[in-house]
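Participant: If you scroll down you'll find the structure; I have some questions about it.
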Amino acid sequence: MTSDAKQPDHEPDGYLEIDAMGDAAGNLSRRQFLGTSALGILAVGAGIGCTEERGQRSTATSGTSPFDRPLGFQSYGVRREIERDFTGTLERVRELGYASVEMCSPRGNYYRTAGYGNLTDLPPAEIKQQIEDAGLVCKSAHFEPHEVVVDDPARTADYAAALGLQDIVMSGSGIADDGTVDDIRRWAEIANRAAEVVRAAGLRLGYHNHAIGPQVEGRPQYEHIMEALDPDLVTMQFQLASIAGGYDIVYYLERYAGRYSSLHMHDYDPAMKGREPGRLGGIVPCGEGMIDWPALLQAALQSDIADHGFIVEIETEEPLEGLRRSIEFLRTVTI
């Protein structure tokens, strides 16, 4: 379905085939994006979202204000731990200093088999209570695209409200890499209508990009999506791993300033041995890769990032250790 290099353990991007009449039929496929080509690695090095030297820990020399916003974590990185012990895992991450968790919908076709199956049959109010008992709050959650734009969005909104959410975040668009501009516009019309339903329920629909590319009529697919989604209806969650495709992530945060309410935060090391033979590049804890964190955070703060919108997502072999190192680093950054 996608030309992106595959990684086995990243969150899926649900694929929706949209016909000429604008109807959507849910055909799910996992979309991985963290791998990159040699060309992408070279392009990454030119971005202003990077430190000059790979692996350099970037703390601002001109900034004076510490970055002290409350930090959340994306539960997908610890989904195996959640499957074994939901509340115990939340408690361990809370002890690291995190204030909130971003969940993934345990009703999703993929999520319920990826580690959230033990939560699928629980009432959302009970899940909310377990999260609060662990000392955390949950203000946003990822939902597969079909849960929002194919299934009844009002039903999804009811579930999200009972979970105590403010934002329903659609994880990816589901538009194929070879999708046309017309495909993007038809999908966006459906998403904008779903956003109206979500807003009527007192919540907000968000869109999470897994990448910036591929190219569509000479421009990145992401730019077409940003133009097609109604900024008054749909807020944006930006994925820092977009840097893996050779894109300047600070440029996009500045270009679309005002539209972002949350970030997925981690670092990227293009020299790291990839999970797929013959490929380089991988996600590492914050501060251990090439991202220029003061510049990135300054760009992000041009938008109205939610109180729990700085969300660390670590998908490594030892995610709890990655979460620990990330929060310790972020508390040293000045902006």
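Scheme for the structure tokens: letters A, B, ... for chains in order shown; per-chain residue numbers from 1; ligand numbers from 1 in order shown.
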Contacts of segment 314-319 of chain A at 9 Å or less, counting only C-alpha atoms, minus same-chain residues fewer than 3 places along, as a PyMOL selection string?

Facilitator: chain A and resi 9-10+73-74+76-78+265-266+283-286+322-324+326

Participant: Using C-alpha atoms, can you write the selected residues to a file as an mmCIF file, in the first residue's frame?

Facilitator:
```
data_model
loop_
_atom_site.group_PDB
_atom_site.id
_atom_site.type_symbol
_atom_site.label_atom_id
_atom_site.label_comp_id
_atom_site.auth_asym_id
_atom_site.auth_seq_id
_atom_site.Cartn_x
_atom_site.Cartn_y
_atom_site.Cartn_z
ATOM 1 C CA ASP A 9 6.380 -2.058 15.631
ATOM 2 C CA HIS A 10 4.849 1.289 14.787
ATOM 3 C CA PHE A 73 3.251 9.821 27.151
ATOM 4 C CA GLN A 74 1.742 7.822 24.324
ATOM 5 C CA TYR A 76 1.389 2.628 22.336
ATOM 6 C CA GLY A 77 5.070 2.418 23.187
ATOM 7 C CA VAL A 78 4.288 0.473 26.367
ATOM 8 C CA MET A 265 7.988 13.732 20.911
ATOM 9 C CA HIS A 266 11.104 11.601 20.506
ATOM 10 C CA ILE A 283 13.815 6.574 17.050
ATOM 11 C CA VAL A 284 15.800 7.292 20.204
ATOM 12 C CA PRO A 285 14.940 9.058 23.484
ATOM 13 C CA CYS A 286 14.613 12.830 23.445
ATOM 14 C CA GLY A 322 13.428 5.616 27.081
ATOM 15 C CA LEU A 323 10.636 7.511 28.795
ATOM 16 C CA ARG A 324 12.884 8.094 31.816
ATOM 17 C CA SER A 326 13.413 11.603 27.681
#
```

Participant: Show me a table, sorted first by chain and then by increasing residue number, of the residues of segment 280-311 of chain A having an atom at most 12 Å from segment 138-152 of chain A, each with its shortest atom pair and the distance in Å to one decimal, counting only C-alpha atoms and written as CSV.

Facilitator:
```
residue,atom,partner,partner_atom,distance
A:Ala306,CA,A:Lys139,CA,9.3
A:Asp307,CA,A:Lys139,CA,9.2
A:His308,CA,A:Lys139,CA,7.1
A:Gly309,CA,A:Ser140,CA,8.6
A:Phe310,CA,A:Ser140,CA,11.3
A:Ile311,CA,A:Ser140,CA,10.1
```

Participant: So what do you get for atom CA of Asp85 of chain A versus atom CA of Pro70 of chain A, distance-wise?

Facilitator: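 Value for the atom CA of Asp85 of chain A-atom CA of Pro70 of chain A distance: 24.3 Å.
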
Participant: If we count only C-alpha atoms, what is near Gln130 of chain A at a cut-off of 10 Å, once residues fewer than 6 positions away on the same chain are taken out, given as a ChimeraX atom specification?

Facilitator: /A:86-87,90,124,136-137

Participant: Next, the residues of the selection above should be written as a PDB file, in the first residue's frame with N, CA and C atoms.

Facilitator:
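File written: part-v4.pdb
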```pdb
ATOM      1  N   PHE A  86      -2.057  -3.136  33.284  1.00  0.00           N
ATOM      2  CA  PHE A  86      -2.449  -1.792  32.863  1.00  0.00           C
ATOM      3  C   PHE A  86      -2.148  -0.758  33.941  1.00  0.00           C
ATOM      4  N   THR A  87      -2.748  -0.914  35.110  1.00  0.00           N
ATOM      5  CA  THR A  87      -2.586   0.112  36.136  1.00  0.00           C
ATOM      6  C   THR A  87      -1.157   0.149  36.666  1.00  0.00           C
ATOM      7  N   LEU A  90       0.927   2.190  34.265  1.00  0.00           N
ATOM      8  CA  LEU A  90       0.634   3.622  34.406  1.00  0.00           C
ATOM      9  C   LEU A  90       1.313   4.193  35.652  1.00  0.00           C
ATOM     10  N   PRO A 124     -15.790   2.597  29.256  1.00  0.00           N
ATOM     11  CA  PRO A 124     -14.785   3.669  29.231  1.00  0.00           C
ATOM     12  C   PRO A 124     -14.668   4.405  30.558  1.00  0.00           C
ATOM     13  N   LEU A 136      -2.844   9.777  36.973  1.00  0.00           N
ATOM     14  CA  LEU A 136      -2.703  10.401  35.665  1.00  0.00           C
ATOM     15  C   LEU A 136      -4.050  10.928  35.181  1.00  0.00           C
ATOM     16  N   VAL A 137      -3.999  11.744  34.138  1.00  0.00           N
ATOM     17  CA  VAL A 137      -5.204  12.145  33.431  1.00  0.00           C
ATOM     18  C   VAL A 137      -5.051  11.703  31.980  1.00  0.00           C
TER      19      VAL A 137
END
```

Participant: Which of these, A:Ser65, A:Thr156, A:Ser303, A:Ser171, has the shortest distance to Cys104 of chain A once you count only C-alpha atoms?

Facilitator: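 Result for the nearest residue to Cys104 of chain A: A:Ser171.
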
Participant: Please identify the alpha helix (DSSP H) residues within segment 222-304 of chain A (assignment by DSSP from backbone atoms) and present them as a count of residues only.

Facilitator: 22

Participant: Determine the nearest neighbour of Tyr159 of chain A from the options A:Val216, A:Ile249, A:Leu203, A:Leu330, counting only C-alpha atoms.

Facilitator: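 Checking each candidate against Tyr159 of chain A, we get A:Leu203 as the closest.
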
Participant: Just list as JSON, numbers by chain whatever in segment 97-305 of chain A DSSP marks as strand (DSSP E).

Facilitator: {"A": [100, 101, 102, 103, 104, 140, 141, 142, 143, 167, 168, 169, 170, 171, 204, 205, 206, 207, 208, 215, 216, 219, 220, 234, 235, 236, 237, 238, 239, 260, 261, 262, 263, 264, 265, 267, 268, 269, 270, 271, 272, 273, 280, 281, 282, 283, 284]}
